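Chemist: Here it is, the structure in full.
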Amino acid sequence: MREYYSITELTREFDVSTRTLRFYEDEGLVQPIRRGRTRLFRPSDRHLIRQIMRGKRLGFSINEIREIIQMYKEPPGEVGQLNLMIKRIEEKREDLRQKRRDLEETLAELDQAEESCVERLVELGVNT
């Protein structure tokens, strides 16, 4: 395992901008070592970036990601982190289920509106 990764290497690996990695640093999610103006990321920072990216893909906010990461660093540690992650996943899952119900309802309303328009065009003698 390597000792350090440059910001350029990590931006390429994770397909993010340097600004994104600096933002994660500003938010306290990663703490690269500084040598002058150069940021050197440890393997642990690389792992955290991977976790942050996963959290973002799952729809977690930066604050939620921070909470999960912080839970790992403090008591109750990994068990607490995993339990919190399960809770957050279920919350996200329910949010998505509600969005799906809302979308299905909206699609049904659109279908009804379209059907009404077609019926009215038939009443007006317009071929569709």
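By order of appearance in the structure tokens: chains A, B, ..., then residues from 1 within every chain, and ligands from 1 in the order shown.
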Write out as a PyMOL selection string all residues of chain A that DSSP puts in alpha helix (DSSP H) for this structure's backbone.
Modeler: chain A and resi 7-14+18-26+43-57+62-73+77-123
Chemist: Please list as a ChimeraX atom specification every residue within 8 Å of Ile69 of chain A, counting only C-alpha atoms and excluding residues in the same chain fewer than 3 positions away.
Modeler: /A:29,65-66,72-73,81
Chemist: Please determine, counting only C-alpha atoms, which residue among A:Val126, A:Val30, A:Ile49, A:Leu121 has the shortest atom-to-atom distance to Thr11 of chain A.
Modeler: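 Ranking A:Val126, A:Val30, A:Ile49, A:Leu121 by distance to Thr11 of chain A, first place goes to A:Ile49.
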Chemist: Hey, could you make a per-residue contact list for segment 4-74 of chain A against segment 93-98 of chain A with 12 Å as the cut-off, showing the nearest pair of atoms and its distance in Å to one decimal, counting only C-alpha atoms, sorted by chain and number, as JSON lines?
Modeler:
{"residue": "A:Leu58", "atom": "CA", "partner": "A:Arg93", "partner_atom": "CA", "distance": 9.6}
{"residue": "A:Gly59", "atom": "CA", "partner": "A:Leu96", "partner_atom": "CA", "distance": 10.0}
{"residue": "A:Phe60", "atom": "CA", "partner": "A:Arg93", "partner_atom": "CA", "distance": 11.3}
Chemist: Could you pull out the strand (DSSP E) residues of chain A from DSSP and send them as a ChimeraX atom specification?
Modeler: /A:5-6,33-35,38-41
Chemist: Convert the current residue selection to file output with all heavy atoms, as a PDB file, in the first residue's frame.
Modeler:
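Done, and the output landed in result.pdb:
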ATOM      1  N   TYR A   5      -1.068   9.800  -1.594  1.00  0.00           N
ATOM      2  CA  TYR A   5      -1.654  10.010  -2.914  1.00  0.00           C
ATOM      3  C   TYR A   5      -1.752  11.513  -3.137  1.00  0.00           C
ATOM      4  O   TYR A   5      -2.101  12.254  -2.217  1.00  0.00           O
ATOM      5  CB  TYR A   5      -3.062   9.411  -3.000  1.00  0.00           C
ATOM      6  CG  TYR A   5      -3.084   7.919  -2.820  1.00  0.00           C
ATOM      7  CD1 TYR A   5      -3.185   7.362  -1.548  1.00  0.00           C
ATOM      8  CD2 TYR A   5      -3.006   7.064  -3.902  1.00  0.00           C
ATOM      9  CE1 TYR A   5      -3.209   5.999  -1.369  1.00  0.00           C
ATOM     10  CE2 TYR A   5      -3.030   5.692  -3.735  1.00  0.00           C
ATOM     11  CZ  TYR A   5      -3.126   5.167  -2.463  1.00  0.00           C
ATOM     12  OH  TYR A   5      -3.146   3.807  -2.298  1.00  0.00           O
ATOM     13  N   SER A   6      -1.489  11.933  -4.350  1.00  0.00           N
ATOM     14  CA  SER A   6      -1.628  13.360  -4.662  1.00  0.00           C
ATOM     15  C   SER A   6      -3.095  13.663  -4.945  1.00  0.00           C
ATOM     16  O   SER A   6      -3.895  12.768  -5.247  1.00  0.00           O
ATOM     17  CB  SER A   6      -0.779  13.727  -5.880  1.00  0.00           C
ATOM     18  OG  SER A   6      -1.357  13.193  -7.059  1.00  0.00           O
ATOM     19  N   ILE A  33      -2.268  15.663   4.607  1.00  0.00           N
ATOM     20  CA  ILE A  33      -1.055  16.292   5.137  1.00  0.00           C
ATOM     21  C   ILE A  33      -0.659  17.392   4.167  1.00  0.00           C
ATOM     22  O   ILE A  33      -0.789  17.243   2.952  1.00  0.00           O
ATOM     23  CB  ILE A  33       0.078  15.248   5.248  1.00  0.00           C
ATOM     24  CG1 ILE A  33      -0.315  14.182   6.268  1.00  0.00           C
ATOM     25  CG2 ILE A  33       1.398  15.898   5.613  1.00  0.00           C
ATOM     26  CD1 ILE A  33       0.603  12.976   6.258  1.00  0.00           C
ATOM     27  N   ARG A  34      -0.150  18.486   4.690  1.00  0.00           N
ATOM     28  CA  ARG A  34       0.283  19.588   3.832  1.00  0.00           C
ATOM     29  C   ARG A  34       1.803  19.672   3.837  1.00  0.00           C
ATOM     30  O   ARG A  34       2.425  19.649   4.893  1.00  0.00           O
ATOM     31  CB  ARG A  34      -0.278  20.900   4.360  1.00  0.00           C
ATOM     32  CG  ARG A  34      -1.772  20.961   4.285  1.00  0.00           C
ATOM     33  CD  ARG A  34      -2.142  21.927   3.273  1.00  0.00           C
ATOM     34  NE  ARG A  34      -3.554  22.180   3.272  1.00  0.00           N
ATOM     35  CZ  ARG A  34      -4.076  23.035   2.461  1.00  0.00           C
ATOM     36  NH1 ARG A  34      -3.308  23.724   1.658  1.00  0.00           N
ATOM     37  NH2 ARG A  34      -5.359  23.216   2.450  1.00  0.00           N
ATOM     38  N   ARG A  35       2.342  19.754   2.650  1.00  0.00           N
ATOM     39  CA  ARG A  35       3.776  20.055   2.480  1.00  0.00           C
ATOM     40  C   ARG A  35       3.827  21.290   1.600  1.00  0.00           C
ATOM     41  O   ARG A  35       3.696  21.194   0.387  1.00  0.00           O
ATOM     42  CB  ARG A  35       4.506  18.893   1.816  1.00  0.00           C
ATOM     43  CG  ARG A  35       4.605  17.712   2.742  1.00  0.00           C
ATOM     44  CD  ARG A  35       5.888  16.940   2.560  1.00  0.00           C
ATOM     45  NE  ARG A  35       5.904  15.833   3.516  1.00  0.00           N
ATOM     46  CZ  ARG A  35       5.987  14.557   3.171  1.00  0.00           C
ATOM     47  NH1 ARG A  35       6.118  14.223   1.909  1.00  0.00           N
ATOM     48  NH2 ARG A  35       5.986  13.631   4.089  1.00  0.00           N
ATOM     49  N   THR A  38       1.163  21.737  -1.214  1.00  0.00           N
ATOM     50  CA  THR A  38       0.798  20.415  -1.723  1.00  0.00           C
ATOM     51  C   THR A  38       0.034  19.627  -0.668  1.00  0.00           C
ATOM     52  O   THR A  38       0.436  19.566   0.490  1.00  0.00           O
ATOM     53  CB  THR A  38       2.072  19.630  -2.129  1.00  0.00           C
ATOM     54  OG1 THR A  38       2.790  20.401  -3.090  1.00  0.00           O
ATOM     55  CG2 THR A  38       1.721  18.286  -2.702  1.00  0.00           C
ATOM     56  N   ARG A  39      -1.057  19.024  -1.104  1.00  0.00           N
ATOM     57  CA  ARG A  39      -1.844  18.144  -0.230  1.00  0.00           C
ATOM     58  C   ARG A  39      -1.422  16.707  -0.506  1.00  0.00           C
ATOM     59  O   ARG A  39      -1.411  16.268  -1.656  1.00  0.00           O
ATOM     60  CB  ARG A  39      -3.333  18.293  -0.522  1.00  0.00           C
ATOM     61  CG  ARG A  39      -3.917  19.603  -0.100  1.00  0.00           C
ATOM     62  CD  ARG A  39      -5.352  19.693  -0.619  1.00  0.00           C
ATOM     63  NE  ARG A  39      -6.047  20.854  -0.109  1.00  0.00           N
ATOM     64  CZ  ARG A  39      -5.958  22.072  -0.646  1.00  0.00           C
ATOM     65  NH1 ARG A  39      -5.214  22.287  -1.707  1.00  0.00           N
ATOM     66  NH2 ARG A  39      -6.627  23.086  -0.112  1.00  0.00           N
ATOM     67  N   LEU A  40      -1.128  15.982   0.550  1.00  0.00           N
ATOM     68  CA  LEU A  40      -0.796  14.566   0.427  1.00  0.00           C
ATOM     69  C   LEU A  40      -1.839  13.773   1.209  1.00  0.00           C
ATOM     70  O   LEU A  40      -1.997  13.948   2.420  1.00  0.00           O
ATOM     71  CB  LEU A  40       0.604  14.284   0.972  1.00  0.00           C
ATOM     72  CG  LEU A  40       1.749  14.990   0.236  1.00  0.00           C
ATOM     73  CD1 LEU A  40       3.062  14.748   0.956  1.00  0.00           C
ATOM     74  CD2 LEU A  40       1.817  14.512  -1.203  1.00  0.00           C
ATOM     75  N   PHE A  41      -2.529  12.921   0.498  1.00  0.00           N
ATOM     76  CA  PHE A  41      -3.612  12.143   1.094  1.00  0.00           C
ATOM     77  C   PHE A  41      -3.106  10.762   1.484  1.00  0.00           C
ATOM     78  O   PHE A  41      -2.478  10.069   0.687  1.00  0.00           O
ATOM     79  CB  PHE A  41      -4.770  12.006   0.102  1.00  0.00           C
ATOM     80  CG  PHE A  41      -5.464  13.310  -0.195  1.00  0.00           C
ATOM     81  CD1 PHE A  41      -4.968  14.174  -1.156  1.00  0.00           C
ATOM     82  CD2 PHE A  41      -6.609  13.666   0.494  1.00  0.00           C
ATOM     83  CE1 PHE A  41      -5.611  15.376  -1.444  1.00  0.00           C
ATOM     84  CE2 PHE A  41      -7.255  14.861   0.230  1.00  0.00           C
ATOM     85  CZ  PHE A  41      -6.755  15.719  -0.746  1.00  0.00           C
TER      86      PHE A  41
END
Chemist: Write out as an NGL selection string which residues come within 10 Å of Pro43 of chain A when counting only C-alpha atoms, dropping same-chain ones fewer than 3 positions away.
Modeler: :A and (1-5 or 32 or 40 or 46-49)
Chemist: Could you save those same residues with N, CA, C and O atoms as a compact mmCIF listing (two decimals), in the first residue's frame?
Modeler:
# COMPACT_ATOMS: atom_id res chain seq x y z
N MET A 1 0.84 -1.18 0.00
CA MET A 1 0.00 0.00 0.00
C MET A 1 0.89 1.24 0.00
O MET A 1 1.90 1.28 0.66
N ARG A 2 0.46 2.22 -0.74
CA ARG A 2 1.23 3.46 -0.85
C ARG A 2 1.11 4.31 0.41
O ARG A 2 0.13 4.21 1.14
N GLU A 3 2.11 5.14 0.61
CA GLU A 3 2.10 6.01 1.78
C GLU A 3 1.23 7.24 1.56
O GLU A 3 0.50 7.66 2.46
N TYR A 4 1.29 7.83 0.34
CA TYR A 4 0.54 9.05 0.04
C TYR A 4 0.01 9.03 -1.39
O TYR A 4 0.57 8.37 -2.27
N TYR A 5 -1.07 9.80 -1.59
CA TYR A 5 -1.65 10.01 -2.91
C TYR A 5 -1.75 11.51 -3.14
O TYR A 5 -2.10 12.25 -2.22
N PRO A 32 -5.86 15.83 4.69
CA PRO A 32 -4.58 15.51 4.07
C PRO A 32 -3.43 16.23 4.77
O PRO A 32 -3.63 17.26 5.42
N LEU A 40 -1.13 15.98 0.55
CA LEU A 40 -0.80 14.57 0.43
C LEU A 40 -1.84 13.77 1.21
O LEU A 40 -2.00 13.95 2.42
N ARG A 46 -8.03 8.31 1.37
CA ARG A 46 -8.54 7.69 0.15
C ARG A 46 -9.76 6.82 0.46
O ARG A 46 -10.77 6.87 -0.25
N HIS A 47 -9.68 6.06 1.53
CA HIS A 47 -10.81 5.22 1.95
C HIS A 47 -12.01 6.10 2.30
O HIS A 47 -13.15 5.78 1.91
N LEU A 48 -11.78 7.19 3.02
CA LEU A 48 -12.88 8.09 3.38
C LEU A 48 -13.51 8.70 2.13
O LEU A 48 -14.73 8.83 2.06
N ILE A 49 -12.69 9.07 1.16
CA ILE A 49 -13.23 9.64 -0.08
C ILE A 49 -14.11 8.60 -0.78
O ILE A 49 -15.19 8.92 -1.28
